[in-house]
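As provided, upload.cif (mmCIF, C-alpha atoms) reads as follows.
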```cif
data_upload
loop_
_atom_site.label_atom_id
_atom_site.label_comp_id
_atom_site.auth_asym_id
_atom_site.auth_seq_id
_atom_site.Cartn_x
_atom_site.Cartn_y
_atom_site.Cartn_z
CA MET A 1 30.08 5.48 -21.64
CA PRO A 2 31.61 1.98 -21.95
CA ASP A 3 30.19 -0.73 -19.73
CA PRO A 4 32.28 -0.88 -16.54
CA THR A 5 31.77 -4.61 -16.10
CA ALA A 6 32.73 -5.66 -19.63
CA ALA A 7 36.20 -7.02 -20.34
CA GLY A 8 37.69 -4.77 -22.99
CA PRO A 9 36.36 -2.18 -25.47
CA VAL A 10 32.80 -2.26 -26.69
CA ASP A 11 33.27 -0.91 -30.24
CA ARG A 12 34.88 -2.83 -33.07
CA ARG A 13 38.54 -1.92 -33.60
CA GLU A 14 40.87 -2.73 -36.47
CA ARG A 15 44.37 -4.06 -35.94
CA THR A 16 46.92 -4.01 -38.78
CA PHE A 17 49.51 -6.74 -39.28
CA GLY A 18 51.65 -5.96 -42.35
CA ASP A 19 49.27 -5.56 -45.25
CA SER A 20 46.39 -7.38 -43.55
CA ARG A 21 43.62 -5.84 -41.47
CA ILE A 22 41.91 -7.96 -38.82
CA GLU A 23 38.74 -6.66 -37.22
CA ALA A 24 38.64 -7.34 -33.46
CA PRO A 25 35.47 -9.09 -32.35
CA LYS A 26 32.85 -7.04 -30.52
CA VAL A 27 32.98 -7.69 -26.78
CA PRO A 28 29.55 -8.47 -25.28
CA THR A 29 28.26 -6.18 -22.56
CA LEU A 30 26.37 -6.80 -19.35
CA ASP A 31 23.37 -4.97 -20.85
CA GLU A 32 23.28 -7.54 -23.65
CA VAL A 33 23.45 -10.37 -21.13
CA ALA A 34 20.54 -8.83 -19.20
CA ARG A 35 18.43 -8.44 -22.35
CA ARG A 36 19.03 -12.01 -23.44
CA ALA A 37 18.28 -13.34 -19.94
CA GLY A 38 15.13 -11.23 -19.70
CA VAL A 39 16.18 -9.48 -16.50
CA SER A 40 17.27 -6.00 -15.48
CA ARG A 41 20.91 -4.95 -15.61
CA SER A 42 20.95 -4.82 -11.80
CA VAL A 43 19.80 -8.44 -11.55
CA ALA A 44 22.35 -9.54 -14.14
CA SER A 45 25.12 -7.78 -12.23
CA ARG A 46 24.12 -9.34 -8.90
CA ALA A 47 23.81 -12.79 -10.48
CA MET A 48 27.24 -12.57 -12.10
CA ASN A 49 28.74 -11.56 -8.76
CA ASN A 50 26.96 -14.25 -6.71
CA ALA A 51 25.10 -11.64 -4.70
CA ARG A 52 22.03 -12.47 -2.64
CA ASN A 53 18.42 -11.65 -3.53
CA VAL A 54 18.50 -13.31 -6.97
CA SER A 55 16.20 -16.26 -7.57
CA PRO A 56 17.73 -19.53 -8.82
CA ALA A 57 15.79 -19.21 -12.08
CA LYS A 58 17.13 -15.71 -12.74
CA ARG A 59 20.65 -16.76 -11.78
CA GLU A 60 20.48 -19.68 -14.21
CA ALA A 61 19.08 -17.47 -17.02
CA VAL A 62 21.91 -14.95 -16.57
CA ALA A 63 24.57 -17.67 -16.53
CA ARG A 64 23.13 -19.20 -19.70
CA ALA A 65 22.99 -15.83 -21.47
CA ALA A 66 26.57 -15.01 -20.44
CA SER A 67 27.76 -18.36 -21.75
CA GLU A 68 25.94 -17.98 -25.06
CA LEU A 69 27.34 -14.47 -25.59
CA GLY A 70 30.80 -15.27 -24.30
CA TYR A 71 30.61 -12.56 -21.66
CA VAL A 72 33.33 -12.60 -18.99
CA PRO A 73 33.59 -9.72 -16.46
CA ASN A 74 37.13 -8.70 -15.70
CA ALA A 75 38.49 -8.86 -12.16
CA THR A 76 38.55 -5.10 -11.65
CA ALA A 77 34.94 -4.71 -12.72
CA ARG A 78 33.90 -7.62 -10.50
CA ALA A 79 35.58 -6.07 -7.46
CA LEU A 80 33.90 -2.74 -8.19
CA ALA A 81 30.50 -4.35 -8.67
CA THR A 82 30.66 -6.28 -5.42
CA SER A 83 31.77 -3.30 -3.35
CA THR A 84 28.45 -1.51 -3.60
CA GLY A 85 24.87 -2.47 -4.35
CA GLY A 86 22.34 -0.76 -6.60
CA SER A 87 19.94 1.95 -5.54
CA VAL A 88 16.31 3.00 -5.85
CA VAL A 89 14.65 6.40 -5.59
CA LEU A 90 11.67 7.44 -3.46
CA ALA A 91 10.38 10.69 -4.94
CA VAL A 92 7.61 12.78 -3.38
CA SER A 93 5.75 15.58 -5.10
CA ASP A 94 6.59 18.09 -2.39
CA ASP A 95 9.44 20.53 -1.78
CA ASP A 96 8.89 21.16 1.95
CA PRO A 97 11.66 19.52 4.03
CA ALA A 98 9.17 19.41 6.92
CA LEU A 99 7.61 16.48 5.08
CA TYR A 100 10.28 14.24 6.57
CA GLY A 101 8.76 14.91 9.99
CA ASP A 102 5.20 14.20 8.88
CA PRO A 103 3.90 11.14 10.77
CA PHE A 104 2.34 9.59 7.66
CA PHE A 105 5.43 9.95 5.48
CA SER A 106 7.80 8.87 8.23
CA GLN A 107 5.89 5.60 8.64
CA VAL A 108 5.94 5.01 4.88
CA LEU A 109 9.68 5.65 4.92
CA VAL A 110 10.22 3.15 7.76
CA GLY A 111 8.31 0.55 5.76
CA VAL A 112 10.37 1.20 2.63
CA ALA A 113 13.65 1.01 4.56
CA THR A 114 12.60 -2.21 6.28
CA ALA A 115 11.86 -3.92 2.97
CA LEU A 116 15.05 -2.67 1.30
CA ASP A 117 17.12 -3.87 4.25
CA ARG A 118 16.56 -7.38 2.94
CA SER A 119 18.03 -6.46 -0.45
CA GLU A 120 21.30 -4.89 -1.58
CA LEU A 121 19.63 -1.68 -2.74
CA ASP A 122 20.36 1.74 -1.27
CA LEU A 123 17.63 4.37 -0.98
CA THR A 124 17.74 7.92 -2.38
CA LEU A 125 15.04 10.36 -1.18
CA MET A 126 13.98 13.23 -3.41
CA LEU A 127 11.47 16.04 -2.89
CA ALA A 128 10.40 16.87 -6.42
CA SER A 129 7.65 19.39 -7.06
CA SER A 130 9.66 22.29 -8.52
CA ALA A 131 10.87 22.31 -12.12
CA ARG A 132 14.46 22.26 -10.90
CA SER A 133 14.00 19.22 -8.66
CA GLN A 134 12.06 17.37 -11.36
CA ALA A 135 14.86 18.00 -13.85
CA ARG A 136 17.34 16.64 -11.30
CA LEU A 137 15.21 13.51 -10.91
CA GLU A 138 15.05 13.05 -14.68
CA ARG A 139 18.82 13.33 -14.95
CA LEU A 140 19.25 10.74 -12.21
CA LEU A 141 16.91 8.30 -13.93
CA ARG A 142 18.51 8.81 -17.35
CA SER A 143 21.96 8.22 -15.89
CA ARG A 144 20.93 4.66 -14.97
CA ARG A 145 22.59 5.11 -11.59
CA SER A 146 19.26 4.00 -10.13
CA ASP A 147 17.52 0.65 -10.66
CA GLY A 148 13.96 1.85 -10.08
CA VAL A 149 11.74 4.55 -8.60
CA MET A 150 8.83 4.86 -6.17
CA LEU A 151 6.56 7.91 -6.49
CA MET A 152 4.33 9.25 -3.70
CA ALA A 153 1.53 11.82 -3.49
CA LEU A 154 0.98 12.33 -7.22
CA ARG A 155 -1.66 14.95 -8.03
CA GLY A 156 -3.92 14.99 -11.06
CA ASP A 157 -1.64 17.01 -13.35
CA ASP A 158 1.60 16.23 -11.51
CA PRO A 159 4.70 16.60 -13.74
CA LEU A 160 6.09 13.48 -12.06
CA ASN A 161 3.52 11.53 -14.08
CA ARG A 162 5.45 12.56 -17.19
CA VAL A 163 8.76 11.67 -15.58
CA ALA A 164 7.40 8.23 -14.73
CA ALA A 165 6.10 7.70 -18.26
CA ALA A 166 9.40 8.70 -19.85
CA THR A 167 11.74 6.44 -17.87
CA GLU A 168 12.51 2.86 -18.86
CA LEU A 169 13.14 1.96 -15.22
CA PRO A 170 10.48 0.14 -13.20
CA VAL A 171 8.13 2.57 -11.42
CA VAL A 172 5.88 1.81 -8.44
CA LEU A 173 3.28 4.32 -7.30
CA GLY A 174 2.21 4.85 -3.71
CA GLY A 175 -1.51 5.30 -4.38
CA ARG A 176 -3.30 5.14 -7.70
CA PRO A 177 -3.14 8.14 -10.02
CA LEU A 178 -6.22 10.34 -10.35
CA HIS A 179 -6.21 10.06 -14.14
CA GLY A 180 -5.17 7.15 -16.32
CA GLU A 181 -4.04 3.72 -15.33
CA ALA A 182 -0.91 2.64 -13.50
CA ARG A 183 0.64 -0.75 -14.09
CA TRP A 184 2.23 -1.11 -10.66
CA TYR A 185 0.94 0.53 -7.50
CA VAL A 186 0.22 -0.07 -3.84
CA ASP A 187 -2.85 1.60 -2.37
CA VAL A 188 -5.23 1.28 0.55
CA ASP A 189 -8.98 0.81 0.43
CA ASN A 190 -9.73 4.52 0.73
CA ARG A 191 -13.28 4.28 -0.57
CA GLY A 192 -14.22 1.31 1.60
CA GLY A 193 -12.67 2.87 4.69
CA ALA A 194 -14.56 6.13 4.23
CA ARG A 195 -17.80 4.22 3.67
CA THR A 196 -17.25 2.31 6.93
CA ALA A 197 -16.60 5.56 8.81
CA THR A 198 -19.79 7.16 7.52
CA GLU A 199 -21.86 4.03 8.18
CA HIS A 200 -20.64 4.16 11.78
CA LEU A 201 -21.93 7.72 12.13
CA LEU A 202 -25.26 6.70 10.60
CA ARG A 203 -25.63 3.72 12.94
CA SER A 204 -25.12 6.02 15.91
CA GLY A 205 -28.14 8.04 14.83
CA ARG A 206 -26.43 10.98 13.10
CA ARG A 207 -28.33 12.41 10.16
CA ARG A 208 -26.81 15.83 9.42
CA ILE A 209 -23.40 14.49 8.48
CA ALA A 210 -20.73 16.63 6.83
CA THR A 211 -17.36 15.70 5.40
CA ILE A 212 -14.05 17.55 5.36
CA GLY A 213 -12.41 16.27 2.20
CA GLY A 214 -8.82 16.46 1.06
CA PRO A 215 -7.46 18.13 -2.09
CA THR A 216 -9.64 17.32 -5.09
CA ASP A 217 -6.62 16.58 -7.29
CA LEU A 218 -5.51 13.64 -5.12
CA GLN A 219 -7.02 10.24 -5.88
CA ALA A 220 -7.07 9.22 -2.21
CA ALA A 221 -9.14 12.29 -1.32
CA VAL A 222 -11.54 11.68 -4.20
CA ALA A 223 -11.96 8.03 -3.20
CA ARG A 224 -12.67 8.98 0.41
CA TYR A 225 -15.40 11.40 -0.68
CA GLN A 226 -16.87 8.66 -2.88
CA GLY A 227 -16.99 6.31 0.10
CA PHE A 228 -18.75 8.99 2.15
CA ALA A 229 -21.27 9.52 -0.66
CA ASP A 230 -21.84 5.74 -1.00
CA ALA A 231 -22.86 5.41 2.63
CA MET A 232 -25.04 8.52 2.56
CA ALA A 233 -26.84 7.25 -0.54
CA VAL A 234 -27.62 3.94 1.15
CA GLY A 235 -28.99 5.95 4.08
CA ARG A 236 -31.07 8.03 1.61
CA LEU A 237 -29.32 11.20 2.71
CA ASP A 238 -27.64 13.93 0.70
CA ALA A 239 -23.83 14.02 0.58
CA ASP A 240 -23.65 17.74 -0.14
CA ILE A 241 -22.39 19.18 3.16
CA VAL A 242 -18.76 19.33 2.10
CA GLU A 243 -15.69 21.47 2.72
CA HIS A 244 -12.21 20.75 1.41
CA ALA A 245 -8.85 21.30 3.09
CA ASP A 246 -5.23 20.26 2.67
CA PHE A 247 -4.93 17.30 5.08
CA THR A 248 -3.46 19.62 7.75
CA TYR A 249 -4.58 20.47 11.28
CA GLU A 250 -5.08 24.16 10.52
CA GLY A 251 -6.89 23.34 7.28
CA GLY A 252 -9.29 21.07 9.16
CA ALA A 253 -10.00 23.73 11.77
CA ARG A 254 -10.80 26.34 9.13
CA ALA A 255 -13.00 23.92 7.18
CA MET A 256 -14.93 22.99 10.34
CA ALA A 257 -15.53 26.67 11.12
CA ARG A 258 -16.94 27.18 7.61
CA LEU A 259 -19.20 24.15 7.99
CA LEU A 260 -20.60 25.39 11.31
CA ALA A 261 -21.27 28.83 9.86
CA ALA A 262 -23.15 27.42 6.88
CA HIS A 263 -24.79 24.40 8.57
CA PRO A 264 -25.17 24.97 12.33
CA ASP A 265 -27.29 21.82 12.72
CA ILE A 266 -24.47 19.40 11.82
CA ASP A 267 -24.40 16.38 14.15
CA GLY A 268 -21.63 14.29 12.55
CA VAL A 269 -18.38 14.87 10.64
CA PHE A 270 -16.19 12.53 8.64
CA ALA A 271 -12.77 14.11 8.09
CA ALA A 272 -10.57 12.52 5.42
CA SER A 273 -7.44 12.63 7.61
CA ASP A 274 -6.65 12.53 11.32
CA ASN A 275 -4.87 15.87 11.16
CA MET A 276 -7.97 17.54 9.72
CA ALA A 277 -10.18 15.73 12.24
CA ALA A 278 -8.03 17.03 15.11
CA GLY A 279 -8.36 20.54 13.73
CA ALA A 280 -12.12 20.04 13.48
CA LEU A 281 -12.24 19.05 17.18
CA ARG A 282 -10.55 22.32 18.08
CA ALA A 283 -13.00 24.36 16.02
CA LEU A 284 -15.97 22.54 17.57
CA LYS A 285 -14.67 23.23 21.08
CA GLU A 286 -14.16 26.90 20.27
CA ALA A 287 -17.74 27.05 18.98
CA GLY A 288 -19.07 25.53 22.19
CA ARG A 289 -20.08 22.20 20.62
CA ARG A 290 -19.64 19.06 22.69
CA VAL A 291 -18.02 15.99 21.15
CA PRO A 292 -19.59 13.49 20.81
CA GLU A 293 -22.81 14.67 22.48
CA ASP A 294 -23.55 17.41 19.91
CA VAL A 295 -21.27 16.42 17.04
CA ALA A 296 -19.51 13.08 16.47
CA VAL A 297 -16.22 13.12 14.57
CA VAL A 298 -14.43 10.34 12.66
CA GLY A 299 -11.01 10.67 11.03
CA PHE A 300 -8.86 8.60 8.68
CA ASP A 301 -5.27 7.28 9.16
CA ASP A 302 -4.98 6.26 12.84
CA LEU A 303 -1.91 8.39 13.45
CA GLU A 304 -0.53 9.05 16.93
CA ILE A 305 -2.51 12.29 17.09
CA ALA A 306 -5.74 10.25 17.10
CA ARG A 307 -4.85 8.92 20.55
CA ARG A 308 -3.94 12.35 21.93
CA THR A 309 -7.00 14.42 21.03
CA GLU A 310 -9.71 15.20 23.60
CA PRO A 311 -11.74 13.07 23.30
CA PRO A 312 -9.61 10.41 21.55
CA LEU A 313 -10.45 10.15 17.89
CA THR A 314 -12.52 7.43 16.27
CA THR A 315 -10.76 6.82 12.97
CA VAL A 316 -10.17 4.52 10.02
CA SER A 317 -6.88 2.73 10.50
CA GLN A 318 -4.79 2.20 7.39
CA PRO A 319 -1.55 0.13 7.36
CA ILE A 320 0.81 3.00 6.57
CA ARG A 321 4.07 1.18 7.30
CA ALA A 322 2.87 -1.81 5.27
CA LEU A 323 2.21 0.58 2.38
CA GLY A 324 5.91 1.46 2.29
CA GLN A 325 6.97 -2.16 2.71
CA GLU A 326 4.76 -3.34 -0.14
CA MET A 327 5.96 -0.54 -2.43
CA ALA A 328 9.61 -1.43 -1.90
CA THR A 329 8.95 -5.16 -2.15
CA MET A 330 7.10 -4.67 -5.43
CA LEU A 331 9.93 -2.56 -6.84
CA VAL A 332 12.56 -5.14 -5.86
CA ARG A 333 10.50 -7.84 -7.58
CA LEU A 334 10.31 -5.72 -10.72
CA ILE A 335 14.06 -5.11 -10.66
CA ASP A 336 14.55 -8.85 -10.33
CA GLY A 337 12.54 -9.39 -13.50
CA GLU A 338 9.27 -10.53 -11.95
CA SER A 339 5.78 -9.24 -12.83
CA PRO A 340 3.90 -8.45 -9.59
CA THR A 341 0.28 -7.34 -9.54
CA PRO A 342 -1.07 -4.17 -7.86
CA VAL A 343 -1.82 -4.36 -4.14
CA ILE A 344 -4.79 -2.89 -2.26
CA LEU A 345 -4.34 -2.93 1.51
CA PRO A 346 -7.36 -3.22 3.86
CA THR A 347 -8.57 -0.65 6.38
CA HIS A 348 -10.60 -1.02 9.57
CA LEU A 349 -12.47 1.24 11.98
CA VAL A 350 -11.04 2.02 15.44
CA VAL A 351 -13.78 3.29 17.76
CA ARG A 352 -12.82 5.84 20.42
CA GLY A 353 -14.50 8.65 22.31
CA SER A 354 -15.14 11.16 19.50
CA ALA A 355 -17.75 8.86 17.90
CA PRO A 356 -18.81 5.98 20.16
CA GLY A 357 -21.17 3.29 18.97
CA GLU A 358 -24.18 4.95 20.57
CA ARG A 359 -25.05 8.60 20.52
CA GLY A 360 -23.64 10.25 23.63
CA GLY A 361 -25.74 12.36 25.97
CA GLU A 362 -29.09 10.83 25.03
#
```
Rewrite the structure from the file as structure tokens, please.
Amino acid sequence: MPDPTAAGPVDRRERTFGDSRIEAPKVPTLDEVARRAGVSRSVASRAMNNARNVSPAKREAVARAASELGYVPNATARALATSTGGSVVLAVSDDDPALYGDPFFSQVLVGVATALDRSELDLTLMLASSARSQARLERLLRSRRSDGVMLMALRGDDPLNRVAAATELPVVLGGRPLHGEARWYVDVDNRGGARTATEHLLRSGRRRIATIGGPTDLQAAVARYQGFADAMAVGRLDADIVEHADFTYEGGARAMARLLAAHPDIDGVFAASDNMAAGALRALKEAGRRVPEDVAVVGFDDLEIARRTEPPLTTVSQPIRALGQEMATMLVRLIDGESPTPVILPTHLVVRGSAPGERGGE
């Protein structure tokens, strides 16, 4: 497809005058300007059209490259380019539309939208775990209608890893991948947060501490188990009282019931998400266990549900909205030709009634 912002045809054409043939010069394209300036096509387009969100250095590099190549956008192309901005994709490895109502994802989405509001980039959301939806994402990325992509919730063997590796567009991951290395990602200190949660249970005198872990093919879940194991090792205790669930309320309730059946002397639980911790509280109540007197419970996330449980949930607070903001900011910087470094966001413990600082009832 010819470049819409170039003035005239891209290929060489021959014109005949009498017996002479004159080859028309090749018209430079915006892609060539971008390559020479060392920026993305989106940045080159915005610089040529005096759009905002382009650094002075990038603007100068594009102007110099355009001058050296003799590139001049025609008026029609300029009007078209200034009428709309570029776009980025946020793809999630999930096909359940209910995800949009999930408190964690909705906060990430608010953060992404807030950061993109300062740019001229539109946002396209894609749920992409089926082969059909992944193929649609690949077509979108190949079409170059998008300037970059953010990927969330990648599992160990997730096909979206292949999609990310195949595209030439900048890719930012929300969370590190379980296998391999990612060049650009934003994550939270999952391991450190889980270690802090478990240390809190140990300081309150708990010794038979279990964990409800997330899916073992998610890096965040693996890191949270590692943090649990770190703290237990320092306390010279085994980290082998473990059940796994799917980060959901019902999954946490079922996992807690299994733990109680196998280990009735449990006196502390670290659940790797607030939803699972809330489910664990329900299972403990149904089993006649008092919280925190008999069993203390700590979650991870600090979602709204943590304030609404009975008792309110002690949890590890992670900056979910900031995760989305940092992802989008990093992607915009990449699109603008910069080279940002990965970001790890801090976590901190919020103490509430489900695991107070001292053991209740004693």
(request) In Å, rounded to a single decimal, give me how far CA of Ala210 in chain A is from CA of Glu250 in chain A. (result)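 Computing the Euclidean distance for CA of Glu250 in chain A and CA of Ala210 in chain A yields 17.8 Å.
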Quick one: contact table of range 297-330 of chain A to range 107-128 of chain A, 10 Å max, nearest atom pair and distance in Å to one decimal per residue, counting only C-alpha atoms, chain and number order, as a Markdown table?
```
| residue | atom | partner | partner_atom | distance |
| --- | --- | --- | --- | --- |
| A:Leu303 | CA | A:Gln107 | CA | 9.6 |
| A:Pro319 | CA | A:Val108 | CA | 9.3 |
| A:Ile320 | CA | A:Val108 | CA | 5.8 |
| A:Arg321 | CA | A:Gly111 | CA | 4.6 |
| A:Ala322 | CA | A:Gly111 | CA | 6.0 |
| A:Leu323 | CA | A:Val108 | CA | 6.3 |
| A:Gly324 | CA | A:Gly111 | CA | 4.3 |
| A:Gln325 | CA | A:Gly111 | CA | 4.3 |
| A:Glu326 | CA | A:Val112 | CA | 7.7 |
| A:Met327 | CA | A:Val112 | CA | 6.9 |
| A:Ala328 | CA | A:Val112 | CA | 5.3 |
| A:Thr329 | CA | A:Ala115 | CA | 6.0 |
| A:Met330 | CA | A:Ala115 | CA | 9.7 |
```
Might you spell out which residues the PyMOL selection byres ((chain A and resi 41) around 9) would select in the displayed file, as a CSV table (one decimal) with C-alpha atoms, in the coordinates of the input?
```csv
chain,number,residue,atom,x,y,z
A,30,LEU,CA,26.4,-6.8,-19.4
A,31,ASP,CA,23.4,-5.0,-20.8
A,32,GLU,CA,23.3,-7.5,-23.6
A,33,VAL,CA,23.4,-10.4,-21.1
A,34,ALA,CA,20.5,-8.8,-19.2
A,35,ARG,CA,18.4,-8.4,-22.4
A,39,VAL,CA,16.2,-9.5,-16.5
A,40,SER,CA,17.3,-6.0,-15.5
A,42,SER,CA,21.0,-4.8,-11.8
A,43,VAL,CA,19.8,-8.4,-11.6
A,44,ALA,CA,22.4,-9.5,-14.1
A,45,SER,CA,25.1,-7.8,-12.2
A,46,ARG,CA,24.1,-9.3,-8.9
A,147,ASP,CA,17.5,0.6,-10.7
A,335,ILE,CA,14.1,-5.1,-10.7
```
(request) Tell me which residues the PyMOL selection byres ((chain A and resi 178) around 8) grabs here, as a ChimeraX atom specification. (result) /A:155-156,176-177,179-180,217-219
(request) Between CA of Ala47 in chain A and CA of Glu60 in chain A, measure the distance and give it in Å to one decimal. (result) 8.5 Å
(message) One decimal, in Å: what's the spacing between CA of Gly213 in chain A and CA of Leu151 in chain A?
(response)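 Separation between CA of Gly213 in chain A and CA of Leu151 in chain A: 22.5 Å.
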(message) Ranking A:Gly38, A:Gly288, A:Gly192, A:Pro215 by minimum distance to Ala61 in chain A and counting all atoms listed in the file, which one comes first?
(response)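 Using all atoms listed in the file, Ala61 in chain A sits closest to A:Gly38.
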(request) Using the chain letters and residue numbers of this document, give as a VMD selection string the residues selected by the PyMOL selection byres ((chain A and resi 66) around 9). (result) chain A and resid 28 30 32 to 34 36 to 37 48 61 to 65 67 to 72
Could you save the residues just selected, with C-alpha atoms, as a short mmCIF file (atom, residue, chain, number, x, y, z; two decimals), keeping the file's coordinate frame?
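Written out: part.cif:
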```cif
data_model
loop_
_atom_site.label_atom_id
_atom_site.label_comp_id
_atom_site.auth_asym_id
_atom_site.auth_seq_id
_atom_site.Cartn_x
_atom_site.Cartn_y
_atom_site.Cartn_z
CA PRO A 28 29.55 -8.47 -25.28
CA LEU A 30 26.37 -6.80 -19.35
CA GLU A 32 23.28 -7.54 -23.65
CA VAL A 33 23.45 -10.37 -21.13
CA ALA A 34 20.54 -8.83 -19.20
CA ARG A 36 19.03 -12.01 -23.44
CA ALA A 37 18.28 -13.34 -19.94
CA MET A 48 27.24 -12.57 -12.10
CA ALA A 61 19.08 -17.47 -17.02
CA VAL A 62 21.91 -14.95 -16.57
CA ALA A 63 24.57 -17.67 -16.53
CA ARG A 64 23.13 -19.20 -19.70
CA ALA A 65 22.99 -15.83 -21.47
CA SER A 67 27.76 -18.36 -21.75
CA GLU A 68 25.94 -17.98 -25.06
CA LEU A 69 27.34 -14.47 -25.59
CA GLY A 70 30.80 -15.27 -24.30
CA TYR A 71 30.61 -12.56 -21.66
CA VAL A 72 33.33 -12.60 -18.99
#
```
(request) Pick out the closest residue to Val350 in chain A from this set: A:Gln226, A:Thr216, A:Ser93, A:Thr196. Count all atoms listed in the file. (result) A:Thr196
(message) Quick one: residues within 8 Å of Ala231 in chain A, all atoms listed in the file, excluding same-chain residues fewer than 4 positions away - as a PyMOL selection string?
(response) chain A and resi 195-196+198-199+227+235
So that I can check the surroundings of Val242 in chain A, please list as a CSV table (one decimal) with C-alpha atoms, keeping the file's coordinate frame every protein, DNA and RNA residue that reaches within 12 Å of it, counting all atoms listed in the file and ignoring chain neighbours fewer than 4 positions away.
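The resulting file, result.csv, is reproduced below:
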```
chain,number,residue,atom,x,y,z
A,208,ARG,CA,-26.8,15.8,9.4
A,209,ILE,CA,-23.4,14.5,8.5
A,210,ALA,CA,-20.7,16.6,6.8
A,211,THR,CA,-17.4,15.7,5.4
A,212,ILE,CA,-14.0,17.6,5.4
A,213,GLY,CA,-12.4,16.3,2.2
A,214,GLY,CA,-8.8,16.5,1.1
A,216,THR,CA,-9.6,17.3,-5.1
A,225,TYR,CA,-15.4,11.4,-0.7
A,226,GLN,CA,-16.9,8.7,-2.9
A,228,PHE,CA,-18.8,9.0,2.2
A,229,ALA,CA,-21.3,9.5,-0.7
A,238,ASP,CA,-27.6,13.9,0.7
A,252,GLY,CA,-9.3,21.1,9.2
A,255,ALA,CA,-13.0,23.9,7.2
A,256,MET,CA,-14.9,23.0,10.3
A,258,ARG,CA,-16.9,27.2,7.6
A,259,LEU,CA,-19.2,24.2,8.0
A,260,LEU,CA,-20.6,25.4,11.3
A,262,ALA,CA,-23.2,27.4,6.9
A,263,HIS,CA,-24.8,24.4,8.6
A,266,ILE,CA,-24.5,19.4,11.8
A,268,GLY,CA,-21.6,14.3,12.6
A,269,VAL,CA,-18.4,14.9,10.6
A,270,PHE,CA,-16.2,12.5,8.6
A,271,ALA,CA,-12.8,14.1,8.1
A,272,ALA,CA,-10.6,12.5,5.4
```
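Among A:Pro346, A:Ala239, A:Asp336, A:Arg352, the residue with the shortest atom-to-atom distance to Arg307 in chain A, counting only C-alpha atoms, is A:Arg352.
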May I have the centre and edge lengths, in Å to one decimal, of an axis-aligned box around the listed atoms of range 289-298 of chain A with 3 Å added to every side, as JSON?
```
{"center_x": -19.0, "center_y": 16.3, "center_z": 17.7, "size_x": 15.1, "size_y": 17.9, "size_z": 16.0}
```
(request) Fewer than 3 positions away in the same chain doesn't count, so skip those; otherwise give me all residues within 6 Å of range 139-146 of chain A, counting all atoms listed in the file, as a ChimeraX atom specification. (result) /A:87-88,136
(message) Could you list, as number ranges by chain, every residue within 12 Å of Ala166 in chain A, counting only C-alpha atoms and ignoring same-chain residues fewer than 2 positions away?
(response) A: 137-139, 141-142, 159-164, 168-171
(request) Select, from A:Phe300, A:Tyr249, A:Tyr185, A:Phe104, the residue with the minimum atom-to-atom distance to Arg282 in chain A, counting all atoms listed in the file. (result)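 Result for the nearest residue to Arg282 in chain A: A:Tyr249.
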